[in-house]
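**Q** mmCIF, C-alpha atoms, file input_9.cif:
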data_entry
#
loop_
_atom_site.label_atom_id
_atom_site.label_comp_id
_atom_site.auth_asym_id
_atom_site.auth_seq_id
_atom_site.Cartn_x
_atom_site.Cartn_y
_atom_site.Cartn_z
CA MET A 280 -14.74 9.63 -17.60
CA THR A 281 -11.44 11.46 -17.21
CA ASP A 282 -10.31 14.51 -15.27
CA GLY A 283 -11.05 16.65 -18.29
CA ALA A 284 -14.80 15.93 -17.97
CA ARG A 285 -14.92 17.43 -14.49
CA THR A 286 -14.16 20.82 -12.98
CA GLY A 287 -12.16 21.89 -9.97
CA PRO A 288 -8.87 20.75 -8.48
CA ALA A 289 -7.95 17.08 -8.63
CA ILE A 290 -7.76 14.83 -5.57
CA LEU A 291 -5.48 11.80 -5.47
CA VAL A 292 -6.53 8.95 -3.16
CA VAL A 293 -4.04 6.24 -2.17
CA GLY A 294 -4.38 2.99 -0.25
CA ALA A 295 -4.94 -0.75 -0.49
CA ALA A 296 -8.35 -2.20 -1.28
CA SER A 297 -9.31 -4.72 1.36
CA ARG A 298 -11.30 -7.87 0.80
CA ASP A 299 -13.88 -8.10 3.57
CA LEU A 300 -15.12 -11.67 3.97
CA VAL A 301 -18.93 -11.91 3.95
CA ASP A 302 -21.61 -14.57 3.58
CA ASP A 303 -23.95 -12.68 1.25
CA ASP A 304 -21.68 -12.36 -1.81
CA PRO A 305 -21.05 -15.28 -4.20
CA ARG A 306 -17.32 -14.53 -4.09
CA GLY A 307 -17.30 -14.84 -0.30
CA TRP A 308 -15.93 -11.30 0.02
CA ARG A 309 -16.70 -7.69 -0.77
CA LEU A 310 -14.23 -5.01 -1.83
CA GLY A 311 -13.60 -2.36 0.81
CA GLY A 312 -10.84 -0.26 2.27
CA GLY A 313 -10.68 3.47 2.82
CA VAL A 314 -9.29 4.08 -0.65
CA SER A 315 -12.37 2.55 -2.31
CA TYR A 316 -14.95 4.49 -0.29
CA SER A 317 -12.94 7.72 -0.43
CA ALA A 318 -12.36 7.72 -4.18
CA LEU A 319 -16.00 6.95 -4.91
CA VAL A 320 -17.46 9.69 -2.71
CA VAL A 321 -15.02 12.33 -4.02
CA ALA A 322 -15.91 11.41 -7.59
CA ARG A 323 -19.63 11.53 -6.83
CA LEU A 324 -19.17 15.00 -5.38
CA GLY A 325 -18.01 15.99 -8.86
CA LEU A 326 -14.27 16.53 -8.42
CA PRO A 327 -11.59 15.11 -10.72
CA THR A 328 -10.57 11.98 -8.84
CA ARG A 329 -7.43 9.88 -9.20
CA ALA A 330 -6.76 6.74 -7.21
CA VAL A 331 -3.73 4.51 -6.75
CA ILE A 332 -5.19 1.32 -5.32
CA GLY A 333 -3.16 -1.60 -4.05
CA VAL A 334 -4.82 -4.88 -5.03
CA ASP A 335 -4.02 -8.56 -4.65
CA GLU A 336 -4.82 -10.88 -7.56
CA GLU A 337 -8.43 -11.47 -6.55
CA ALA A 338 -9.16 -7.83 -5.74
CA SER A 339 -7.72 -6.73 -9.10
CA LYS A 340 -10.72 -8.33 -10.83
CA ALA A 341 -13.36 -6.97 -8.47
CA LYS A 342 -16.56 -5.67 -10.01
CA GLU A 343 -16.45 -2.76 -7.56
CA LEU A 344 -13.48 -1.31 -9.44
CA ASP A 345 -15.78 -0.81 -12.42
CA LEU A 346 -18.16 1.05 -10.11
CA LEU A 347 -15.32 3.49 -9.41
CA ARG A 348 -14.49 3.79 -13.10
CA TYR A 349 -18.13 4.48 -14.03
CA ALA A 350 -18.21 7.22 -11.38
CA GLY A 351 -15.27 8.92 -13.10
CA VAL A 352 -12.32 7.77 -11.00
CA ASP A 353 -9.07 7.46 -12.94
CA LEU A 354 -7.45 4.30 -11.58
CA VAL A 355 -3.95 2.94 -11.31
CA LEU A 356 -3.83 -0.54 -9.78
CA ALA A 357 -0.70 -1.33 -7.78
CA PRO A 358 -0.25 -5.13 -7.72
CA LEU A 359 0.22 -6.66 -4.25
CA ARG A 360 1.25 -10.22 -3.67
CA ARG A 361 -0.59 -10.03 -0.38
CA GLY A 362 -3.39 -7.55 0.21
CA PRO A 363 -5.46 -6.88 3.35
CA VAL A 364 -8.24 -9.35 4.15
CA PHE A 365 -10.61 -8.93 7.11
CA VAL A 366 -13.55 -10.58 8.79
CA ASN A 367 -15.80 -7.92 10.37
CA ARG A 368 -18.44 -8.72 12.96
CA GLU A 369 -20.61 -6.01 14.50
CA ARG A 370 -21.33 -6.53 18.20
CA PRO A 371 -23.12 -4.37 20.81
CA GLU A 372 -19.76 -3.36 22.29
CA GLY A 373 -18.35 -2.45 18.86
CA ARG A 374 -16.73 -4.01 15.83
CA HIS A 375 -14.86 -7.29 16.19
CA GLN A 376 -12.33 -7.52 13.38
CA VAL A 377 -10.11 -10.48 12.52
CA SER A 378 -7.24 -10.14 10.06
CA ARG A 379 -5.88 -12.68 7.63
CA GLY A 380 -2.49 -10.98 7.93
CA PRO A 381 -0.58 -7.81 6.98
CA SER A 382 -0.53 -6.20 3.56
CA ASP A 383 2.43 -5.61 1.31
CA PRO A 384 3.42 -1.92 1.08
CA ILE A 385 2.45 0.29 -1.84
CA PRO A 386 5.50 2.01 -3.36
CA VAL A 387 5.45 5.76 -3.97
CA GLU A 388 6.62 5.02 -7.51
CA ALA A 389 3.11 3.74 -8.29
CA VAL A 390 1.91 7.35 -8.62
CA PRO A 391 2.09 8.50 -12.27
CA GLU A 392 4.30 11.52 -12.77
CA ALA A 393 1.39 13.56 -14.15
CA TRP A 394 -0.58 13.00 -10.94
CA ARG A 395 2.10 14.20 -8.54
CA THR A 396 0.92 17.81 -8.72
CA SER A 397 -2.61 16.95 -7.53
CA ALA A 398 -4.05 19.72 -5.35
CA GLY A 399 -5.40 17.27 -2.78
CA TRP A 400 -3.90 14.03 -1.47
CA LEU A 401 -5.94 11.63 0.62
CA LEU A 402 -3.75 8.94 2.15
CA ALA A 403 -6.20 6.20 3.12
CA PRO A 404 -4.33 3.17 4.48
CA VAL A 405 -6.25 0.22 5.92
CA ALA A 406 -3.38 -2.08 6.93
CA ASP A 407 -0.32 0.15 7.40
CA GLU A 408 0.54 -0.26 3.73
CA LEU A 409 1.83 3.31 3.20
CA PRO A 410 5.45 3.53 4.38
CA ASP A 411 7.13 6.71 5.59
CA ALA A 412 8.23 7.69 2.07
CA TRP A 413 4.65 8.75 1.33
CA ALA A 414 5.12 11.76 3.60
CA ASP A 415 7.36 13.38 0.99
CA ALA A 416 5.23 12.47 -2.04
CA PRO A 417 2.71 15.37 -2.03
CA PRO A 418 3.96 18.77 -3.18
CA PRO A 419 4.39 21.39 -0.44
CA ASP A 420 1.26 23.31 -1.44
CA ALA A 421 -1.06 20.27 -1.56
CA VAL A 422 -3.84 19.73 0.97
CA VAL A 423 -3.06 16.39 2.61
CA ALA A 424 -5.62 14.34 4.54
CA VAL A 425 -4.73 11.12 6.35
CA GLY A 426 -6.96 8.32 7.60
CA TRP A 427 -4.91 7.75 10.74
CA GLN A 428 -6.63 4.59 11.97
CA GLY A 429 -5.27 2.64 9.01
CA LEU A 430 -1.78 3.05 10.50
CA LEU A 431 -2.75 1.82 13.97
CA ARG A 432 -3.60 -1.82 13.35
CA GLU A 433 -1.40 -4.71 14.33
CA LEU A 434 -2.28 -7.57 12.00
CA VAL A 435 -1.50 -11.17 12.89
CA PRO A 436 -2.97 -13.89 10.66
CA ASP A 437 -6.30 -15.25 11.95
CA GLU A 438 -6.19 -13.21 15.14
CA PRO A 439 -8.27 -10.22 16.24
CA VAL A 440 -6.88 -6.89 15.10
CA ARG A 441 -4.99 -5.25 17.95
CA LEU A 442 -4.57 -1.52 18.46
CA ARG A 443 -1.16 0.05 18.03
CA PRO A 444 -0.52 3.18 20.13
CA PRO A 445 -0.56 6.40 18.07
CA SER A 446 2.84 7.88 17.33
CA SER A 447 4.21 10.79 15.35
CA ARG A 448 5.06 9.05 12.11
CA PRO A 449 6.12 11.02 9.03
CA VAL A 450 2.87 10.37 7.15
CA VAL A 451 0.85 11.63 10.12
CA ALA A 452 3.14 14.62 10.59
CA ARG A 453 2.51 15.64 6.94
CA ALA A 454 -1.25 15.81 7.39
CA ASP A 455 -3.17 19.06 7.21
CA LEU A 456 -6.26 17.08 8.19
CA ALA A 457 -6.23 13.74 10.01
CA SER A 458 -9.11 11.57 11.10
CA ILE A 459 -9.28 8.78 13.64
CA SER A 460 -12.11 6.79 15.19
CA ARG A 461 -12.49 6.81 18.96
CA GLU A 462 -12.69 2.98 18.68
CA ASP A 463 -9.15 2.88 17.26
CA VAL A 464 -7.44 4.35 20.31
CA GLN A 465 -7.63 3.57 24.00
CA ALA A 466 -10.74 5.11 25.51
CA ASP A 467 -8.76 7.26 27.96
CA THR A 468 -6.45 8.77 25.31
CA PRO A 469 -6.75 12.58 25.56
CA VAL A 470 -7.60 14.37 22.34
CA ASP A 471 -4.89 16.93 23.18
CA ASP A 472 -2.29 14.15 23.13
CA LEU A 473 -3.44 12.97 19.72
CA LEU A 474 -3.40 16.51 18.31
CA GLY A 475 0.11 16.94 19.70
CA LEU A 476 1.35 14.20 17.37
CA LEU A 477 0.36 16.26 14.34
CA ARG A 478 2.22 19.24 12.94
CA PRO A 479 1.35 22.70 14.34
CA GLY A 480 -1.73 24.08 12.62
CA ALA A 481 -3.13 20.72 11.56
CA THR A 482 -6.73 19.71 12.26
CA LEU A 483 -7.72 16.44 13.90
CA VAL A 484 -11.18 14.87 13.65
CA VAL A 485 -12.08 12.17 16.17
CA THR A 486 -15.20 10.37 14.94
CA GLN A 487 -17.59 8.81 17.45
CA GLY A 488 -20.20 7.07 15.32
CA ASP A 489 -23.78 8.05 16.09
CA ARG A 490 -22.52 10.51 18.72
CA GLY A 491 -20.92 12.71 16.08
CA GLY A 492 -17.33 13.61 16.81
CA ILE A 493 -14.78 16.19 17.88
CA VAL A 494 -12.72 18.60 15.78
CA ALA A 495 -9.46 19.73 17.39
CA THR A 496 -7.13 22.50 16.24
CA GLY A 497 -4.28 24.45 17.80
CA SER A 498 -1.53 23.30 20.12
CA GLY A 499 -0.43 23.47 23.76
CA SER A 500 -2.68 25.70 25.85
CA ARG A 501 -4.41 27.01 22.72
CA VAL A 502 -6.20 23.81 21.66
CA ARG A 503 -9.72 24.46 20.43
CA LEU A 504 -12.22 21.62 20.62
CA ARG A 505 -15.54 21.60 18.84
CA HIS A 506 -18.15 18.87 18.99
CA TYR A 507 -20.23 18.18 15.90
CA PRO A 508 -23.42 16.08 15.92
CA ALA A 509 -24.14 13.06 13.78
CA VAL A 510 -26.65 13.30 10.97
CA ARG A 511 -29.15 10.56 11.72
CA SER A 512 -29.68 7.66 9.35
CA PRO A 513 -33.23 6.26 9.47
CA ASP A 514 -32.30 2.80 8.22
CA PRO A 515 -28.65 1.83 8.88
CA VAL A 516 -27.60 -1.62 7.69
CA ASP A 517 -23.79 -1.55 7.42
CA PRO A 518 -21.39 0.80 9.26
CA THR A 519 -18.40 -0.16 7.09
CA GLY A 520 -16.82 2.84 5.37
CA ALA A 521 -18.65 5.57 7.29
CA GLY A 522 -15.48 7.07 8.77
CA ASP A 523 -13.67 6.89 5.44
CA THR A 524 -16.58 8.56 3.70
CA PHE A 525 -16.68 11.32 6.32
CA LEU A 526 -12.98 12.12 5.91
CA ALA A 527 -13.09 12.03 2.12
CA ALA A 528 -16.10 14.35 1.93
CA LEU A 529 -14.57 16.76 4.45
CA ALA A 530 -11.23 16.76 2.61
CA ALA A 531 -13.06 17.45 -0.65
CA THR A 532 -14.52 20.65 0.84
CA TRP A 533 -11.04 21.72 1.94
CA VAL A 534 -9.67 21.23 -1.57
CA GLU A 535 -12.73 22.70 -3.31
CA PRO A 536 -14.58 25.14 -0.98
CA ARG A 537 -17.23 25.74 -3.65
CA LEU A 538 -18.76 22.41 -2.61
CA VAL A 539 -20.19 24.27 0.38
CA GLY A 540 -20.50 27.71 -1.18
CA ARG A 541 -17.07 28.70 0.15
CA ARG A 542 -18.42 28.35 3.70
CA SER A 543 -15.80 25.94 5.03
CA GLY A 544 -15.16 26.51 8.70
CA THR A 545 -18.76 27.56 9.39
CA GLY A 546 -20.03 24.04 9.95
CA HIS A 547 -21.22 23.43 6.40
CA ASP A 548 -18.15 21.33 5.62
CA LEU A 549 -18.78 19.09 8.64
CA LEU A 550 -22.47 18.90 7.76
CA LEU A 551 -21.68 17.71 4.24
CA ALA A 552 -19.27 15.10 5.58
CA ALA A 553 -21.71 13.87 8.23
CA ALA A 554 -24.54 13.71 5.69
CA ALA A 555 -22.45 11.60 3.33
CA ALA A 556 -21.40 9.30 6.18
CA SER A 557 -25.00 8.81 7.32
CA LEU A 558 -26.02 7.73 3.83
CA VAL A 559 -23.26 5.17 3.41
CA LEU A 560 -24.72 3.33 6.42
CA GLU A 561 -27.83 2.55 4.39
CA GLY A 562 -26.25 0.14 1.89
CA HIS A 563 -23.91 -2.80 1.99
CA GLY A 564 -20.32 -2.01 1.04
CA LEU A 565 -19.71 0.49 -1.73
CA ALA A 566 -23.38 0.26 -2.76
CA GLY A 567 -24.07 2.68 0.07
CA VAL A 568 -21.80 5.48 -1.18
CA PRO A 569 -24.23 8.30 -2.04
CA GLU A 570 -24.70 10.46 -5.09
CA ARG A 571 -24.33 14.23 -4.79
CA ASP A 572 -28.07 14.95 -4.89
CA ALA A 573 -28.71 12.53 -2.02
CA ILE A 574 -26.03 14.27 0.04
CA ALA A 575 -27.70 17.65 -0.59
CA ARG A 576 -31.07 16.34 0.58
CA ARG A 577 -29.57 14.79 3.71
CA MET A 578 -27.73 18.06 4.44
CA ALA A 579 -31.07 19.89 4.39
CA GLU A 580 -32.51 17.33 6.80
CA GLY A 581 -29.55 17.61 9.17
CA ALA A 582 -29.02 21.37 9.06
CA ARG A 583 -31.00 22.06 12.23
CA ALA A 584 -28.74 19.81 14.35
CA PHE A 585 -25.70 21.66 13.03
CA ASP A 586 -27.31 25.07 13.51
CA VAL A 587 -26.24 26.24 10.08
CA ALA A 588 -28.30 28.21 7.59
CA GLY A 589 -28.69 27.69 3.88
CA ALA A 590 -27.47 24.10 3.95
CA GLY A 591 -30.10 22.80 1.60
CA SER A 592 -28.45 24.06 -1.56
CA ASP A 593 -26.97 21.48 -3.90
CA PRO A 594 -23.26 20.96 -3.13
CA ALA A 595 -21.80 21.39 -6.60
CA VAL A 596 -18.74 22.79 -8.31
#
Now, as a test, write the supplied structure out as structure tokens.
**A**
Amino acid sequence: MTDGARTGPAILVVGAASRDLVDDDPRGWRLGGGVSYSALVVARLGLPTRAVIGVDEEASKAKELDLLRYAGVDLVLAPLRRGPVFVNRERPEGRHQVSRGPSDPIPVEAVPEAWRTSAGWLLAPVADELPDAWADAPPPDAVVAVGWQGLLRELVPDEPVRLRPPSSRPVVARADLASISREDVQADTPVDDLLGLLRPGATLVVTQGDRGGIVATGSGSRVRLRHYPAVRSPDPVDPTGAGDTFLAALAATWVEPRLVGRRSGTGHDLLLAAAAASLVLEGHGLAGVPERDAIARRMAEGARAFDVAGAGSDPAV
């Protein structure tokens, strides 16, 4: 499927596909990375979806890439000599992640000329593979969302991933919408300080797993904080990709407000994002990324917690 088979503004997703080492796949790994989850959920919401995905030789042949193609994602694969590889272990105190080393960068030149006018840009790094030049790639009028946590990982081969303190990097400063997990910053980091690293007027989402999250806007003494609840998942099996799915779904409503009946800013956009994130918990890897109808049903189930009305209608463009 191509852009022409879909309606609405196009969203371009960029990042490296990670190979997450697992025991339950014959290959010994499963394709992941924010770019993979993000592109798939945007496509399943019905928007024209383009993706520039950095892949090492093994990842370039992954069956999951066909899953994206079947969903309607137009793909450009950017070859990487060395892509991100992780070992993820879930523990009561949180995720324990070991890296096989840093990723090569993805050059801005990998974006086809015809895609550079995309209405929405979702920069979804997983291993700091998007250098500063990406800040100038989107056109001035594009909605730009950034998965901030993918820029905050210090990767040393065969050692646990260490946190890098947040800083005002050009890619972050370009964001209209940025998302970060509370697990990816020091626990005592004030939300106001994180918001201060973004440009004036930008929105920051700090996700907190099954506790929901915080949305911050404004600057200085005029910062507005809003807590949103999680949408409960009755049978979670794999938390990988939940934060990426949340950001991608939220960004999609910013680019195409018709997904929530033009009710962005009333809580419906956060409800859709939280519903999508809750569903991705219920499958392993990209198999958990939900279809649009499933998101609509989960929105109806979670509407009471969000205190929004009319959330059971099908999110469609």
**Q** Find, counting only C-alpha atoms, the residue in A:Ala527, A:Ala454, A:Val314, A:Val470 that gets nearest to Ala406 (chain A).
**A**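 Checking each candidate against Ala406 (chain A), we get A:Val314 as the closest.
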**Q** So, counting only C-alpha atoms, which residue among A:Val331, A:Leu324, A:Leu549, A:Arg298 is closest to Glu535 (chain A)?
**A**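 For Glu535 (chain A), the nearest of the candidates is A:Leu324.
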**Q** Using the chain letters and residue numbers of this document, give as a PyMOL selection string the residues selected by the PyMOL selection byres ((chain A and resi 306-311) around 8).
**A** chain A and resi 296-305+312-316+338+341+343+520+564-565
**Q** Go ahead and compute the interatomic distance for CA of Asp523 (chain A) and CA of Leu431 (chain A), in Å to one decimal.
**A**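 Those two atoms sit 14.8 Å apart.
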**Q** So the first atom is CA of Val516 (chain A) and the second is CA of Gly562 (chain A); what is the distance between them in Å, to one decimal place?
**A**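 Taking CA of Val516 (chain A) and CA of Gly562 (chain A), their separation equals 6.2 Å.
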**Q** Which one of A:Arg583, A:Arg453, A:Arg443, A:Arg577 sits closest to Pro508 (chain A) if you count all atoms listed in the file?
**A** A:Arg583
**Q** Could you please determine the separation between CA of Ala521 (chain A) and CA of Pro569 (chain A) in Å, to one decimal place?
**A**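 So the answer is 11.2 Å.
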**Q** Got a sec to resolve the PyMOL selection byres ((chain A and resi 376) around 9) on this structure and send the residues as a PyMOL selection string?
**A** chain A and resi 365-369+374-375+377-378+438-441
**Q** Name all residues at most 9 Å from Asp455 (chain A) (count only C-alpha atoms; drop same-chain ones fewer than 2 positions away) and give them as a PyMOL selection string.
**A** chain A and resi 422-425+451-453+457+477-478+480-483
**Q** Filtering to C-alpha atoms, could you give me those residues as a PDB file, in the coordinates of the input?
**A**
ATOM      1  CA  VAL A 422      -3.840  19.730   0.970  1.00  0.00           C
ATOM      2  CA  VAL A 423      -3.060  16.390   2.610  1.00  0.00           C
ATOM      3  CA  ALA A 424      -5.620  14.340   4.540  1.00  0.00           C
ATOM      4  CA  VAL A 425      -4.730  11.120   6.350  1.00  0.00           C
ATOM      5  CA  VAL A 451       0.850  11.630  10.120  1.00  0.00           C
ATOM      6  CA  ALA A 452       3.140  14.620  10.590  1.00  0.00           C
ATOM      7  CA  ARG A 453       2.510  15.640   6.940  1.00  0.00           C
ATOM      8  CA  ALA A 457      -6.230  13.740  10.010  1.00  0.00           C
ATOM      9  CA  LEU A 477       0.360  16.260  14.340  1.00  0.00           C
ATOM     10  CA  ARG A 478       2.220  19.240  12.940  1.00  0.00           C
ATOM     11  CA  GLY A 480      -1.730  24.080  12.620  1.00  0.00           C
ATOM     12  CA  ALA A 481      -3.130  20.720  11.560  1.00  0.00           C
ATOM     13  CA  THR A 482      -6.730  19.710  12.260  1.00  0.00           C
ATOM     14  CA  LEU A 483      -7.720  16.440  13.900  1.00  0.00           C
TER      15      LEU A 483
END
**Q** Selection in question (the file shown): the PyMOL selection byres ((chain A and resi 353-361) around 9). Which residues does it include, as a PyMOL selection string?
**A** chain A and resi 280-282+295+327-336+339+344+347-348+351-352+362-364+380-386+389-391
**Q** So, with all atoms listed in the file as the atoms that count, which of A:Ser447, A:Thr532, A:Ser557, A:Thr486 lies closest to Leu473 (chain A)?
**A**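 Ranked by minimum distance to Leu473 (chain A), first place goes to A:Ser447.
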**Q** Kindly write region 525-538 of chain A with N, CA, C and O atoms to a file, as a PDB file, in the first residue's frame.
**A**
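And here's part.pdb as it stands now:
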ATOM      1  N   PHE A 525       2.825   4.983  22.595  1.00  0.00           N
ATOM      2  CA  PHE A 525       2.102   6.121  23.162  1.00  0.00           C
ATOM      3  C   PHE A 525       2.457   7.406  22.407  1.00  0.00           C
ATOM      4  O   PHE A 525       1.569   8.151  21.969  1.00  0.00           O
ATOM      5  N   LEU A 526       3.742   7.674  22.241  1.00  0.00           N
ATOM      6  CA  LEU A 526       4.160   8.908  21.571  1.00  0.00           C
ATOM      7  C   LEU A 526       3.674   8.941  20.134  1.00  0.00           C
ATOM      8  O   LEU A 526       3.186   9.970  19.650  1.00  0.00           O
ATOM      9  N   ALA A 527       3.803   7.831  19.426  1.00  0.00           N
ATOM     10  CA  ALA A 527       3.402   7.804  18.017  1.00  0.00           C
ATOM     11  C   ALA A 527       1.909   8.054  17.862  1.00  0.00           C
ATOM     12  O   ALA A 527       1.482   8.814  16.982  1.00  0.00           O
ATOM     13  N   ALA A 528       1.106   7.423  18.721  1.00  0.00           N
ATOM     14  CA  ALA A 528      -0.340   7.617  18.634  1.00  0.00           C
ATOM     15  C   ALA A 528      -0.723   9.055  18.989  1.00  0.00           C
ATOM     16  O   ALA A 528      -1.585   9.660  18.346  1.00  0.00           O
ATOM     17  N   LEU A 529      -0.071   9.610  20.011  1.00  0.00           N
ATOM     18  CA  LEU A 529      -0.357  10.993  20.388  1.00  0.00           C
ATOM     19  C   LEU A 529       0.050  11.948  19.269  1.00  0.00           C
ATOM     20  O   LEU A 529      -0.701  12.872  18.911  1.00  0.00           O
ATOM     21  N   ALA A 530       1.234  11.739  18.707  1.00  0.00           N
ATOM     22  CA  ALA A 530       1.690  12.593  17.606  1.00  0.00           C
ATOM     23  C   ALA A 530       0.738  12.505  16.418  1.00  0.00           C
ATOM     24  O   ALA A 530       0.480  13.508  15.735  1.00  0.00           O
ATOM     25  N   ALA A 531       0.215  11.315  16.162  1.00  0.00           N
ATOM     26  CA  ALA A 531      -0.726  11.148  15.043  1.00  0.00           C
ATOM     27  C   ALA A 531      -1.960  12.022  15.236  1.00  0.00           C
ATOM     28  O   ALA A 531      -2.470  12.617  14.275  1.00  0.00           O
ATOM     29  N   THR A 532      -2.445  12.151  16.476  1.00  0.00           N
ATOM     30  CA  THR A 532      -3.619  13.001  16.709  1.00  0.00           C
ATOM     31  C   THR A 532      -3.276  14.479  16.551  1.00  0.00           C
ATOM     32  O   THR A 532      -4.148  15.279  16.210  1.00  0.00           O
ATOM     33  N   TRP A 533      -2.032  14.844  16.804  1.00  0.00           N
ATOM     34  CA  TRP A 533      -1.611  16.226  16.594  1.00  0.00           C
ATOM     35  C   TRP A 533      -1.567  16.548  15.098  1.00  0.00           C
ATOM     36  O   TRP A 533      -1.943  17.648  14.683  1.00  0.00           O
ATOM     37  N   VAL A 534      -1.094  15.603  14.317  1.00  0.00           N
ATOM     38  CA  VAL A 534      -0.973  15.821  12.876  1.00  0.00           C
ATOM     39  C   VAL A 534      -2.336  15.712  12.204  1.00  0.00           C
ATOM     40  O   VAL A 534      -2.646  16.472  11.278  1.00  0.00           O
ATOM     41  N   GLU A 535      -3.156  14.775  12.661  1.00  0.00           N
ATOM     42  CA  GLU A 535      -4.489  14.580  12.091  1.00  0.00           C
ATOM     43  C   GLU A 535      -5.526  14.567  13.221  1.00  0.00           C
ATOM     44  O   GLU A 535      -5.878  13.517  13.769  1.00  0.00           O
ATOM     45  N   PRO A 536      -6.042  15.758  13.605  1.00  0.00           N
ATOM     46  CA  PRO A 536      -6.996  15.838  14.722  1.00  0.00           C
ATOM     47  C   PRO A 536      -8.288  15.063  14.489  1.00  0.00           C
ATOM     48  O   PRO A 536      -9.011  14.765  15.444  1.00  0.00           O
ATOM     49  N   ARG A 537      -8.606  14.726  13.232  1.00  0.00           N
ATOM     50  CA  ARG A 537      -9.826  13.966  12.979  1.00  0.00           C
ATOM     51  C   ARG A 537      -9.786  12.578  13.609  1.00  0.00           C
ATOM     52  O   ARG A 537     -10.836  11.939  13.771  1.00  0.00           O
ATOM     53  N   LEU A 538      -8.597  12.096  13.972  1.00  0.00           N
ATOM     54  CA  LEU A 538      -8.507  10.805  14.656  1.00  0.00           C
ATOM     55  C   LEU A 538      -9.304  10.802  15.957  1.00  0.00           C
ATOM     56  O   LEU A 538      -9.767   9.752  16.410  1.00  0.00           O
TER      57      LEU A 538
END
